[in-house]
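Student: So here's work.pdb (PDB, C-alpha atoms).
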```pdb
ATOM      1  CA  ILE A 841     -45.907  -8.899  14.908
ATOM      2  CA  LEU A 842     -43.382  -7.582  12.364
ATOM      3  CA  LEU A 843     -45.030  -9.514   9.550
ATOM      4  CA  ARG A 844     -48.480  -8.237  10.503
ATOM      5  CA  ARG A 845     -47.282  -4.621  10.671
ATOM      6  CA  PHE A 846     -45.394  -4.945   7.396
ATOM      7  CA  ARG A 847     -48.627  -5.856   5.637
ATOM      8  CA  THR A 848     -50.391  -2.675   6.754
ATOM      9  CA  CYS A 849     -47.715  -0.031   7.360
ATOM     10  CA  ALA A 850     -46.894   2.677   4.831
ATOM     11  CA  VAL A 851     -44.091   4.384   6.764
ATOM     12  CA  ASP A 852     -40.971   4.176   4.593
ATOM     13  CA  HIS A 853     -38.515   4.079   7.486
ATOM     14  CA  PHE A 854     -40.346   1.176   9.140
ATOM     15  CA  ILE A 855     -40.520  -0.696   5.828
ATOM     16  CA  GLU A 856     -36.780  -0.300   5.246
ATOM     17  CA  ILE A 857     -35.904  -1.561   8.726
ATOM     18  CA  ALA A 858     -38.332  -4.471   8.386
ATOM     19  CA  VAL A 859     -36.794  -5.457   5.029
ATOM     20  CA  SER A 860     -33.377  -5.468   6.685
ATOM     21  CA  VAL A 861     -34.680  -7.701   9.479
ATOM     22  CA  PHE A 862     -36.360 -10.123   7.059
ATOM     23  CA  VAL A 863     -33.149 -10.457   5.053
ATOM     24  CA  ARG A 864     -31.111 -11.286   8.162
ATOM     25  CA  ALA A 865     -33.709 -13.507   9.851
ATOM     26  CA  ASP A 866     -34.392 -17.186   9.318
ATOM     27  CA  LYS A 867     -35.548 -17.865   5.761
ATOM     28  CA  LYS A 868     -38.883 -19.159   7.059
ATOM     29  CA  TYR A 869     -39.933 -15.540   7.636
ATOM     30  CA  ALA A 870     -39.183 -14.652   4.028
ATOM     31  CA  ARG A 871     -41.373 -17.577   2.972
ATOM     32  CA  GLN A 872     -44.130 -16.342   5.300
ATOM     33  CA  LEU A 873     -43.750 -12.885   3.780
ATOM     34  CA  ARG A 874     -44.256 -14.407   0.336
ATOM     35  CA  GLU A 875     -47.412 -16.165   1.553
ATOM     36  CA  VAL A 876     -48.965 -12.855   2.640
ATOM     37  CA  TYR A 877     -47.610 -10.774  -0.249
ATOM     38  CA  SER A 878     -51.055 -10.201  -1.752
ATOM     39  CA  GLN A 879     -52.162  -8.648   1.556
ATOM     40  CA  ILE A 880     -49.369  -6.044   1.636
ATOM     41  CA  ARG A 881     -51.046  -2.672   1.164
ATOM     42  CA  ALA A 882     -48.194  -0.262   0.418
ATOM     43  CA  PRO A 883     -46.491  -0.570  -2.969
ATOM     44  CA  TYR A 884     -43.166   0.408  -1.383
ATOM     45  CA  ALA A 885     -43.544  -2.476   1.072
ATOM     46  CA  GLN A 886     -44.360  -4.825  -1.811
ATOM     47  CA  ALA A 887     -41.220  -3.657  -3.582
ATOM     48  CA  GLY A 888     -39.201  -4.212  -0.410
ATOM     49  CA  ALA A 889     -40.622  -7.705  -0.078
ATOM     50  CA  CYS A 890     -39.430  -8.458  -3.603
ATOM     51  CA  LEU A 891     -35.933  -7.493  -2.546
ATOM     52  CA  VAL A 892     -36.209  -9.821   0.463
ATOM     53  CA  PHE A 893     -37.052 -12.716  -1.863
ATOM     54  CA  GLY A 894     -33.931 -12.091  -3.888
ATOM     55  CA  MET A 895     -31.637 -11.564  -0.926
ATOM     56  CA  CYS A 896     -32.957 -14.772   0.655
ATOM     57  CA  ASP A 897     -32.073 -16.741  -2.494
ATOM     58  CA  MET A 898     -35.656 -17.659  -3.323
ATOM     59  CA  LYS A 899     -34.948 -18.693  -6.919
ATOM     60  CA  GLU A 900     -38.418 -20.167  -7.258
ATOM     61  CA  GLU A 901     -39.725 -16.574  -7.191
ATOM     62  CA  ILE A 902     -37.937 -15.488 -10.382
ATOM     63  CA  PRO A 903     -41.113 -15.596 -12.547
ATOM     64  CA  PHE A 904     -43.002 -13.689  -9.855
ATOM     65  CA  LEU A 905     -40.250 -11.076  -9.603
ATOM     66  CA  LEU A 906     -40.316 -10.569 -13.369
ATOM     67  CA  LYS A 907     -44.065  -9.963 -13.238
ATOM     68  CA  GLU A 908     -43.710  -7.560 -10.335
ATOM     69  CA  TYR A 909     -40.947  -5.683 -12.146
ATOM     70  CA  GLU A 910     -43.283  -5.152 -15.101
ATOM     71  CA  ARG A 911     -46.257  -4.276 -12.886
ATOM     72  CA  PHE A 912     -44.308  -1.668 -10.936
ATOM     73  CA  GLN A 913     -43.002  -0.146 -14.186
ATOM     74  CA  MET A 914     -46.523   0.203 -15.537
ATOM     75  CA  SER A 915     -48.388   1.127 -12.354
ATOM     76  CA  TYR A 916     -45.802   3.387 -10.708
ATOM     77  CA  PRO A 917     -43.579   4.707 -13.502
ATOM     78  CA  ASP A 918     -42.316   7.705 -11.510
ATOM     79  CA  GLU A 919     -41.669   5.962  -8.184
ATOM     80  CA  GLY A 920     -38.789   3.601  -8.966
ATOM     81  CA  PHE A 921     -40.417   0.658  -7.189
ATOM     82  CA  GLU A 922     -39.428  -1.599 -10.095
ATOM     83  CA  GLN A 923     -35.810  -1.277  -8.998
ATOM     84  CA  HIS A 924     -36.420  -3.585  -6.017
ATOM     85  CA  PRO A 925     -37.513  -6.675  -7.971
ATOM     86  CA  LEU A 926     -34.891  -5.856 -10.608
ATOM     87  CA  LEU A 927     -32.155  -5.853  -7.970
ATOM     88  CA  ALA A 928     -33.565  -9.100  -6.566
ATOM     89  CA  LEU A 929     -33.301 -10.655 -10.028
ATOM     90  CA  TYR A 930     -29.696  -9.490 -10.360
ATOM     91  CA  VAL A 931     -28.884 -11.055  -6.996
ATOM     92  CA  LEU A 932     -30.597 -14.331  -7.908
ATOM     93  CA  HIS A 933     -28.695 -14.515 -11.186
ATOM     94  CA  GLY A 934     -25.335 -13.886  -9.492
ATOM     95  CA  LYS A 935     -24.830 -10.465 -11.041
ATOM     96  CA  MET A 936     -24.325  -8.765  -7.672
TER      97      MET A 936
END
```
Can the structure in the file be given as structure tokens, please?
Tutor:
Amino acid sequence: ILLRRFRTCAVDHFIEIAVSVFVRADKKYARQLREVYSQIRAPYAQAGACLVFGMCDMKEEIPFLLKEYERFQMSYPDEGFEQHPLLALYVLHGKM
């Protein structure tokens, strides 16, 4: 249910709590989140998902996170969404 709601919800507080749950849950849920990433409607939720991938040590997602970082910078320059994939990249590269 959480995964389904995460794909469609745009409420920031819910998204933040869900990200926290995904990070602490079994890694299989982070992989499921990656599988449905293209269906996530809210850009803030997409950004949060990127952070989940980093926090769950999904190194295979580094190229994807780089692309998302660039996309968020271009598409949402005033929102700061790019900070989520950037932080995920720092985590994956052992800088945090």
Student: Applying 12 Å and all atoms listed in the file, which residues near A:Ala858 remain after dropping the ones on its own chain fewer than 6 positions away? List them as a short mmCIF file (atom, residue, chain, number, x, y, z; two decimals) with C-alpha atoms, keeping the file's coordinate frame.
Tutor:
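Result file around.cif:
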```cif
data_model
loop_
_atom_site.label_atom_id
_atom_site.label_comp_id
_atom_site.auth_asym_id
_atom_site.auth_seq_id
_atom_site.Cartn_x
_atom_site.Cartn_y
_atom_site.Cartn_z
CA ILE A 841 -45.91 -8.90 14.91
CA LEU A 842 -43.38 -7.58 12.36
CA LEU A 843 -45.03 -9.51 9.55
CA ARG A 844 -48.48 -8.24 10.50
CA ARG A 845 -47.28 -4.62 10.67
CA PHE A 846 -45.39 -4.94 7.40
CA ARG A 847 -48.63 -5.86 5.64
CA CYS A 849 -47.72 -0.03 7.36
CA ALA A 850 -46.89 2.68 4.83
CA VAL A 851 -44.09 4.38 6.76
CA ASP A 852 -40.97 4.18 4.59
CA ARG A 864 -31.11 -11.29 8.16
CA ALA A 865 -33.71 -13.51 9.85
CA TYR A 869 -39.93 -15.54 7.64
CA ALA A 870 -39.18 -14.65 4.03
CA LEU A 873 -43.75 -12.88 3.78
CA TYR A 884 -43.17 0.41 -1.38
CA ALA A 885 -43.54 -2.48 1.07
CA GLN A 886 -44.36 -4.82 -1.81
CA GLY A 888 -39.20 -4.21 -0.41
CA ALA A 889 -40.62 -7.70 -0.08
CA LEU A 891 -35.93 -7.49 -2.55
CA VAL A 892 -36.21 -9.82 0.46
#
```
Student: Go through A:Gln913, A:Glu901, A:Cys890, A:Phe854 one by one, measure the shortest atom-to-atom distance of each to A:Pro925 using only C-alpha atoms, and give the residue with the smallest value.
Tutor: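 Under the stated criterion, the closest residue is A:Cys890.
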Student: As an MDAnalysis selection string, please: the residues near A:Lys899 (cut-off 10 Å, all atoms listed in the file, same-chain neighbours under 3 positions excluded).
Tutor: chainID A and resid 893:896 902:905 928:929 931:933
Student: Extract, using all atoms listed in the file, all DNA, RNA and protein residues at most 7 Å from A:Arg881, discarding same-chain residues fewer than 2 positions from it, and format them as a PDB file with C-alpha atoms, keeping the file's coordinate frame.
Tutor:
```pdb
ATOM      1  CA  ARG A 847     -48.627  -5.856   5.637  1.00  0.00           C
ATOM      2  CA  THR A 848     -50.391  -2.675   6.754  1.00  0.00           C
ATOM      3  CA  GLN A 879     -52.162  -8.648   1.556  1.00  0.00           C
ATOM      4  CA  PRO A 883     -46.491  -0.570  -2.969  1.00  0.00           C
TER       5      PRO A 883
END
```
Student: Could you check the closest approach to A:Leu906 for each of A:Ala887, A:Val876, A:Met936, A:Leu926 and tell me which residue wins, using all atoms listed in the file?
Tutor: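 Of A:Ala887, A:Val876, A:Met936, A:Leu926, the one nearest A:Leu906, counting all atoms listed in the file, is A:Leu926.
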Student: When you count only C-alpha atoms, which of these residues is closest to A:Glu922: A:Lys907, A:Ser860, A:His853, A:Gly934?
Tutor: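 Nearest candidate to A:Glu922 out of A:Lys907, A:Ser860, A:His853, A:Gly934: A:Lys907.
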Student: What's the separation between atom CA of A:Gln923 and atom CA of A:Val859, in Å to one decimal place?
Tutor: 14.7 Å
Student: To one decimal place, how far is atom CA of A:Tyr930 from atom CA of A:Phe912 in Å?
Tutor: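 So the two atoms, atom CA of A:Tyr930 and atom CA of A:Phe912, lie 16.6 Å apart.
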Student: Could you tell me how far atom CA of A:Glu875 sits from atom CA of A:Val861, in Å to one decimal place?
Tutor: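 Between atom CA of A:Val861 and atom CA of A:Glu875 the gap is 17.2 Å.
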Student: Here is a test: counting all atoms listed in the file, which residue of A:Tyr909, A:Arg874, A:Asp897, A:Glu856 is nearest to A:His924?
Tutor: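 Using all atoms listed in the file, A:His924 sits closest to A:Tyr909.
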